[in-house]
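Peer 1: Just so it is clear, I am handing over coords.tsv, which has TSV, C-alpha atoms.
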chain	number	residue	atom	x	y	z
H	15	MET	CA	60.70	123.41	93.12
H	16	THR	CA	62.23	124.26	96.50
H	17	LEU	CA	65.80	124.02	97.65
H	18	ARG	CA	67.03	120.90	99.39
H	19	PHE	CA	70.00	121.16	101.74
H	20	ALA	CA	72.73	118.94	103.16
H	21	ALA	CA	74.61	120.22	106.20
H	22	ASP	CA	78.29	119.25	106.10
H	23	GLU	CA	79.43	117.05	108.96
H	24	ASN	CA	81.10	119.93	110.79
H	25	PHE	CA	78.30	122.43	110.18
H	26	ASP	CA	77.08	124.15	113.36
H	27	GLY	CA	74.15	122.18	114.79
H	28	LYS	CA	72.75	125.33	116.39
H	29	ILE	CA	72.27	126.80	112.92
H	30	VAL	CA	70.62	123.59	111.68
H	31	ARG	CA	68.22	123.51	114.64
H	32	GLY	CA	67.42	127.21	114.33
H	33	LEU	CA	66.79	126.93	110.61
H	34	ILE	CA	64.43	123.98	111.13
H	35	ARG	CA	62.67	126.00	113.84
H	36	VAL	CA	61.94	128.91	111.46
H	37	LEU	CA	61.28	126.67	108.43
H	38	PRO	CA	59.84	123.42	109.80
H	39	ASP	CA	59.12	122.03	106.31
H	40	LEU	CA	62.67	122.63	105.07
H	41	ASP	CA	64.26	119.57	103.43
H	42	LEU	CA	67.58	119.51	105.28
H	43	VAL	CA	69.72	116.42	105.90
H	44	ARG	CA	72.81	116.29	108.09
H	45	VAL	CA	75.59	114.37	106.35
H	46	GLN	CA	76.38	112.50	109.58
H	47	ASP	CA	72.86	111.04	109.47
H	48	THR	CA	73.52	109.43	106.07
H	49	PRO	CA	75.78	106.57	104.99
H	50	LEU	CA	78.31	109.29	104.06
H	51	ALA	CA	79.27	110.00	107.67
H	52	ALA	CA	83.05	110.64	107.73
H	53	ALA	CA	83.24	110.57	103.91
H	54	ALA	CA	85.66	112.77	102.00
H	55	ASP	CA	84.40	116.15	100.78
H	56	ASP	CA	84.44	115.09	97.12
H	57	GLU	CA	82.19	112.12	97.94
H	58	VAL	CA	79.80	114.40	99.85
H	59	LEU	CA	79.64	116.84	96.93
H	60	ALA	CA	79.04	114.04	94.41
H	61	TRP	CA	76.24	112.61	96.59
H	62	ALA	CA	74.70	116.07	97.11
H	63	ALA	CA	74.74	116.67	93.34
H	64	ARG	CA	72.97	113.35	92.69
H	65	GLU	CA	70.41	114.18	95.39
H	66	GLY	CA	69.97	117.80	94.25
H	67	ARG	CA	71.10	119.14	97.64
H	68	VAL	CA	72.88	122.43	98.31
H	69	VAL	CA	75.75	121.81	100.75
H	70	LEU	CA	75.99	124.02	103.84
H	71	THR	CA	79.56	124.22	105.11
H	72	HIS	CA	82.02	126.20	107.18
H	73	ASP	CA	84.97	124.55	105.38
H	74	VAL	CA	86.22	127.16	102.93
H	75	SER	CA	89.67	125.60	102.65
H	76	THR	CA	88.63	122.27	101.12
H	77	MET	CA	84.89	121.96	100.46
H	78	THR	CA	84.66	125.18	98.46
H	79	ALA	CA	87.86	124.43	96.52
H	80	ILE	CA	86.59	120.95	95.64
H	81	ALA	CA	83.21	122.36	94.58
H	82	TRP	CA	84.90	124.82	92.20
H	83	ALA	CA	87.17	122.05	90.86
H	84	ARG	CA	84.07	119.97	90.12
H	85	VAL	CA	82.46	122.92	88.28
H	86	ARG	CA	85.64	123.55	86.25
H	87	GLY	CA	85.80	119.83	85.42
H	88	GLY	CA	82.22	119.80	84.14
H	89	LEU	CA	80.97	117.72	87.08
H	90	PRO	CA	77.63	118.61	88.67
H	91	VAL	CA	77.37	120.67	91.85
H	92	ALA	CA	73.87	121.39	93.15
H	93	GLY	CA	75.27	124.40	94.97
H	94	GLY	CA	77.14	125.30	98.09
H	95	ILE	CA	76.80	127.87	100.83
H	96	GLU	CA	79.94	128.77	102.75
H	97	VAL	CA	79.04	130.19	106.16
H	98	ASP	CA	81.50	132.36	108.10
H	99	VAL	CA	81.91	130.89	111.60
H	100	GLU	CA	82.46	134.38	113.02
H	101	HIS	CA	79.00	135.57	111.91
H	102	SER	CA	76.22	135.50	114.52
H	103	ILE	CA	74.00	132.42	114.50
H	104	GLY	CA	70.82	134.50	114.30
H	105	ALA	CA	72.08	136.41	111.28
H	106	VAL	CA	73.17	133.18	109.54
H	107	ILE	CA	69.73	131.65	110.14
H	108	ALA	CA	68.07	134.78	108.74
H	109	ASP	CA	70.30	134.71	105.64
H	110	LEU	CA	69.74	130.99	105.06
H	111	ARG	CA	65.98	131.46	105.49
H	112	LEU	CA	66.07	134.15	102.82
H	113	VAL	CA	68.04	131.92	100.44
H	114	ALA	CA	65.72	128.97	101.08
H	115	LEU	CA	62.61	131.04	100.39
H	116	ALA	CA	63.89	133.20	97.53
H	117	CYS	CA	66.15	130.94	95.44
H	118	SER	CA	65.35	128.08	93.13
H	119	PRO	CA	67.60	125.05	92.63
H	120	ASP	CA	68.51	126.31	89.16
H	121	GLU	CA	69.84	129.57	90.62
H	122	LEU	CA	72.32	127.79	92.87
H	123	ASN	CA	73.32	125.02	90.45
H	124	GLY	CA	77.08	125.22	89.96
H	125	GLN	CA	77.39	128.15	92.41
H	126	VAL	CA	78.93	128.72	95.82
H	127	LEU	CA	77.48	131.53	97.94
H	128	PHE	CA	79.21	133.09	100.91
H	129	LEU	CA	77.39	134.21	104.05
H	130	PRO	CA	76.88	136.76	105.39
H	131	LEU	CA	75.05	138.03	102.31
Take the structure I supplied and represent it as structure tokens, if you would.

Peer 2:
Amino acid sequence: MTLRFAADENFDGKIVRGLIRVLPDLDLVRVQDTPLAAAADDEVLAWAAREGRVVLTHDVSTMTAIAWARVRGGLPVAGGIEVDVEHSIGAVIADLRLVALACSPDELNGQVLFLPL
């Protein structure tokens, strides 16, 4: 089974477009293209868990904290990837490509990774 991703509403669109360019078959949904547009982070994480989607975010202050709170509370989290906004777009795309190709959903379940790797 391959990873499925959800890009947080504020996630850099250049990274999304570049990732789709290098992995055209990648299952990646932008949150703003779903009924969850403008939803709270906890709602996005709950939806992503139900859908089996790893959340891509730049929001370390709230999204990551809420993800860990869900894990501590025994609630599902399909995974999260916190991307440093100061890291170069090309390097982020390369790291995300590696994660997408090398990791299984089980490996990221209940985990939050931080990029750069």

Peer 1: Expressed in Å to a single decimal, how great is the separation between CA of Asp55 in chain H and CA of Asp26 in chain H?

Peer 2: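 These atoms are spaced 16.6 Å apart.
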
Peer 1: Leu33 in chain H: which residues within 10 Å, counting all atoms listed in the file, same-chain residues fewer than 5 positions away excluded, as number ranges by chain?

Peer 2: H: 27-28, 38, 40, 42, 103-104, 106-111, 114

Peer 1: Taking (71.0, 128.9, 97.2) as a centre in this file's frame and 6 Å as the limit, can you find every polymer residue with an atom that close, using all atoms listed in the file, and give them as a VMD selection string?

Peer 2: chain H and resid 113 117 122

Peer 1: Figure out the distance between CA of Arg84 in chain H and CA of Leu50 in chain H, please, to one decimal in Å.

Peer 2: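 Spanning CA of Leu50 in chain H to CA of Arg84 in chain H is a straight-line distance of 18.5 Å.
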
Peer 1: What does the distance between CA of Glu57 in chain H and CA of Ser102 in chain H come to in Å, to one decimal place?

Peer 2: 29.3 Å

Peer 1: Point out the residue among H:Leu37, H:Leu89, H:Ala20, H:Ala105 with the least atom-to-atom distance to Val58 in chain H, counting all atoms listed in the file.

Peer 2: H:Ala20

Peer 1: Using only C-alpha atoms, which of H:Val36, H:Ala79, H:Leu112, H:Val74 sits nearest Val99 in chain H?

Peer 2: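 Smallest separation from Val99 in chain H among the options: H:Val74.
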
Peer 1: Neighbourhood query: residues within 12 Å of (77.3, 131.0, 97.3), file coordinates, counting only C-alpha atoms; return as a PyMOL selection string.

Peer 2: chain H and resi 68-72+74+78+81-82+91-98+109-110+113+117+121-131

Peer 1: I need the residues from that last selection saved to file as an mmCIF file, keeping the file's coordinate frame (with C-alpha atoms), if you can.

Peer 2:
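Final file, selection01.cif:
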data_model
loop_
_atom_site.group_PDB
_atom_site.id
_atom_site.type_symbol
_atom_site.label_atom_id
_atom_site.label_comp_id
_atom_site.auth_asym_id
_atom_site.auth_seq_id
_atom_site.Cartn_x
_atom_site.Cartn_y
_atom_site.Cartn_z
ATOM 1 C CA VAL H 68 72.880 122.430 98.310
ATOM 2 C CA VAL H 69 75.750 121.810 100.750
ATOM 3 C CA LEU H 70 75.990 124.020 103.840
ATOM 4 C CA THR H 71 79.560 124.220 105.110
ATOM 5 C CA HIS H 72 82.020 126.200 107.180
ATOM 6 C CA VAL H 74 86.220 127.160 102.930
ATOM 7 C CA THR H 78 84.660 125.180 98.460
ATOM 8 C CA ALA H 81 83.210 122.360 94.580
ATOM 9 C CA TRP H 82 84.900 124.820 92.200
ATOM 10 C CA VAL H 91 77.370 120.670 91.850
ATOM 11 C CA ALA H 92 73.870 121.390 93.150
ATOM 12 C CA GLY H 93 75.270 124.400 94.970
ATOM 13 C CA GLY H 94 77.140 125.300 98.090
ATOM 14 C CA ILE H 95 76.800 127.870 100.830
ATOM 15 C CA GLU H 96 79.940 128.770 102.750
ATOM 16 C CA VAL H 97 79.040 130.190 106.160
ATOM 17 C CA ASP H 98 81.500 132.360 108.100
ATOM 18 C CA ASP H 109 70.300 134.710 105.640
ATOM 19 C CA LEU H 110 69.740 130.990 105.060
ATOM 20 C CA VAL H 113 68.040 131.920 100.440
ATOM 21 C CA CYS H 117 66.150 130.940 95.440
ATOM 22 C CA GLU H 121 69.840 129.570 90.620
ATOM 23 C CA LEU H 122 72.320 127.790 92.870
ATOM 24 C CA ASN H 123 73.320 125.020 90.450
ATOM 25 C CA GLY H 124 77.080 125.220 89.960
ATOM 26 C CA GLN H 125 77.390 128.150 92.410
ATOM 27 C CA VAL H 126 78.930 128.720 95.820
ATOM 28 C CA LEU H 127 77.480 131.530 97.940
ATOM 29 C CA PHE H 128 79.210 133.090 100.910
ATOM 30 C CA LEU H 129 77.390 134.210 104.050
ATOM 31 C CA PRO H 130 76.880 136.760 105.390
ATOM 32 C CA LEU H 131 75.050 138.030 102.310
#

Peer 1: Compare H:Arg67, H:Arg86, H:Arg44, H:His101 by their minimum atom-to-atom distance to Asp22 in chain H, counting only C-alpha atoms, and give me the closest one.

Peer 2: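 Smallest separation from Asp22 in chain H among the options: H:Arg44.
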
Peer 1: Given the choices H:Ala116, H:Ala54, H:Leu17, H:Val85, which gets closest to Asp39 in chain H if the distance is worked out from only C-alpha atoms?

Peer 2: H:Leu17

Peer 1: Nearest to Asn24 in chain H: which of H:Asp41, H:Ala60, H:Gln46, H:Thr76 is it, counting all atoms listed in the file?

Peer 2: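 Of the candidates, the smallest distance to Asn24 in chain H is held by H:Gln46.
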
Peer 1: Produce range 37-63 of chain H of the given structure as output with N, CA and C atoms, as a PDB file, in the first residue's frame.

Peer 2:
ATOM      1  N   LEU H  37       6.309  12.943  -9.078  1.00  0.00           N
ATOM      2  CA  LEU H  37       5.541  11.719  -8.791  1.00  0.00           C
ATOM      3  C   LEU H  37       4.107  11.915  -9.282  1.00  0.00           C
ATOM      4  N   PRO H  38       3.896  11.842 -10.592  1.00  0.00           N
ATOM      5  CA  PRO H  38       2.577  12.164 -11.151  1.00  0.00           C
ATOM      6  C   PRO H  38       1.440  11.271 -10.656  1.00  0.00           C
ATOM      7  N   ASP H  39       1.737  10.080 -10.162  1.00  0.00           N
ATOM      8  CA  ASP H  39       0.689   9.185  -9.670  1.00  0.00           C
ATOM      9  C   ASP H  39       0.455   9.319  -8.169  1.00  0.00           C
ATOM     10  N   LEU H  40       1.133  10.268  -7.524  1.00  0.00           N
ATOM     11  CA  LEU H  40       1.000  10.449  -6.090  1.00  0.00           C
ATOM     12  C   LEU H  40      -0.434  10.842  -5.732  1.00  0.00           C
ATOM     13  N   ASP H  41      -0.981  10.214  -4.707  1.00  0.00           N
ATOM     14  CA  ASP H  41      -2.320  10.526  -4.208  1.00  0.00           C
ATOM     15  C   ASP H  41      -2.180  11.652  -3.185  1.00  0.00           C
ATOM     16  N   LEU H  42      -2.339  12.882  -3.654  1.00  0.00           N
ATOM     17  CA  LEU H  42      -2.184  14.066  -2.820  1.00  0.00           C
ATOM     18  C   LEU H  42      -3.392  14.970  -3.024  1.00  0.00           C
ATOM     19  N   VAL H  43      -4.032  15.333  -1.914  1.00  0.00           N
ATOM     20  CA  VAL H  43      -5.198  16.216  -1.937  1.00  0.00           C
ATOM     21  C   VAL H  43      -4.855  17.472  -1.154  1.00  0.00           C
ATOM     22  N   ARG H  44      -5.222  18.621  -1.699  1.00  0.00           N
ATOM     23  CA  ARG H  44      -5.077  19.868  -0.947  1.00  0.00           C
ATOM     24  C   ARG H  44      -6.337  20.054  -0.109  1.00  0.00           C
ATOM     25  N   VAL H  45      -6.173  20.367   1.155  1.00  0.00           N
ATOM     26  CA  VAL H  45      -7.320  20.515   2.056  1.00  0.00           C
ATOM     27  C   VAL H  45      -8.292  21.563   1.520  1.00  0.00           C
ATOM     28  N   GLN H  46      -7.793  22.624   0.916  1.00  0.00           N
ATOM     29  CA  GLN H  46      -8.692  23.668   0.412  1.00  0.00           C
ATOM     30  C   GLN H  46      -9.564  23.192  -0.754  1.00  0.00           C
ATOM     31  N   ASP H  47      -9.243  22.043  -1.322  1.00  0.00           N
ATOM     32  CA  ASP H  47     -10.061  21.482  -2.403  1.00  0.00           C
ATOM     33  C   ASP H  47     -11.081  20.474  -1.883  1.00  0.00           C
ATOM     34  N   THR H  48     -11.229  20.389  -0.578  1.00  0.00           N
ATOM     35  CA  THR H  48     -12.185  19.474   0.052  1.00  0.00           C
ATOM     36  C   THR H  48     -13.225  20.295   0.800  1.00  0.00           C
ATOM     37  N   PRO H  49     -14.261  19.652   1.302  1.00  0.00           N
ATOM     38  CA  PRO H  49     -15.237  20.379   2.130  1.00  0.00           C
ATOM     39  C   PRO H  49     -14.634  20.922   3.433  1.00  0.00           C
ATOM     40  N   LEU H  50     -13.400  20.555   3.749  1.00  0.00           N
ATOM     41  CA  LEU H  50     -12.762  21.017   4.978  1.00  0.00           C
ATOM     42  C   LEU H  50     -12.039  22.349   4.832  1.00  0.00           C
ATOM     43  N   ALA H  51     -12.183  23.017   3.712  1.00  0.00           N
ATOM     44  CA  ALA H  51     -11.531  24.309   3.533  1.00  0.00           C
ATOM     45  C   ALA H  51     -11.878  25.204   4.716  1.00  0.00           C
ATOM     46  N   ALA H  52     -10.870  25.808   5.321  1.00  0.00           N
ATOM     47  CA  ALA H  52     -10.998  26.713   6.476  1.00  0.00           C
ATOM     48  C   ALA H  52     -11.398  25.996   7.765  1.00  0.00           C
ATOM     49  N   ALA H  53     -11.332  24.680   7.800  1.00  0.00           N
ATOM     50  CA  ALA H  53     -11.658  23.924   9.016  1.00  0.00           C
ATOM     51  C   ALA H  53     -10.513  24.031  10.026  1.00  0.00           C
ATOM     52  N   ALA H  54     -10.842  23.790  11.274  1.00  0.00           N
ATOM     53  CA  ALA H  54      -9.839  23.798  12.339  1.00  0.00           C
ATOM     54  C   ALA H  54      -8.886  22.612  12.154  1.00  0.00           C
ATOM     55  N   ASP H  55      -7.676  22.761  12.687  1.00  0.00           N
ATOM     56  CA  ASP H  55      -6.652  21.724  12.540  1.00  0.00           C
ATOM     57  C   ASP H  55      -7.100  20.367  13.075  1.00  0.00           C
ATOM     58  N   ASP H  56      -7.818  20.351  14.199  1.00  0.00           N
ATOM     59  CA  ASP H  56      -8.257  19.065  14.747  1.00  0.00           C
ATOM     60  C   ASP H  56      -9.243  18.365  13.817  1.00  0.00           C
ATOM     61  N   GLU H  57     -10.076  19.132  13.123  1.00  0.00           N
ATOM     62  CA  GLU H  57     -11.001  18.547  12.145  1.00  0.00           C
ATOM     63  C   GLU H  57     -10.238  17.983  10.947  1.00  0.00           C
ATOM     64  N   VAL H  58      -9.217  18.712  10.509  1.00  0.00           N
ATOM     65  CA  VAL H  58      -8.398  18.251   9.377  1.00  0.00           C
ATOM     66  C   VAL H  58      -7.688  16.948   9.744  1.00  0.00           C
ATOM     67  N   LEU H  59      -7.119  16.889  10.946  1.00  0.00           N
ATOM     68  CA  LEU H  59      -6.422  15.676  11.376  1.00  0.00           C
ATOM     69  C   LEU H  59      -7.374  14.497  11.521  1.00  0.00           C
ATOM     70  N   ALA H  60      -8.571  14.740  12.036  1.00  0.00           N
ATOM     71  CA  ALA H  60      -9.564  13.655  12.172  1.00  0.00           C
ATOM     72  C   ALA H  60      -9.972  13.146  10.793  1.00  0.00           C
ATOM     73  N   TRP H  61     -10.213  14.050   9.854  1.00  0.00           N
ATOM     74  CA  TRP H  61     -10.567  13.662   8.481  1.00  0.00           C
ATOM     75  C   TRP H  61      -9.430  12.877   7.831  1.00  0.00           C
ATOM     76  N   ALA H  62      -8.189  13.399   7.985  1.00  0.00           N
ATOM     77  CA  ALA H  62      -7.026  12.735   7.382  1.00  0.00           C
ATOM     78  C   ALA H  62      -6.868  11.321   7.952  1.00  0.00           C
ATOM     79  N   ALA H  63      -7.106  11.157   9.242  1.00  0.00           N
ATOM     80  CA  ALA H  63      -7.008   9.826   9.853  1.00  0.00           C
ATOM     81  C   ALA H  63      -8.053   8.888   9.263  1.00  0.00           C
TER      82      ALA H  63
END
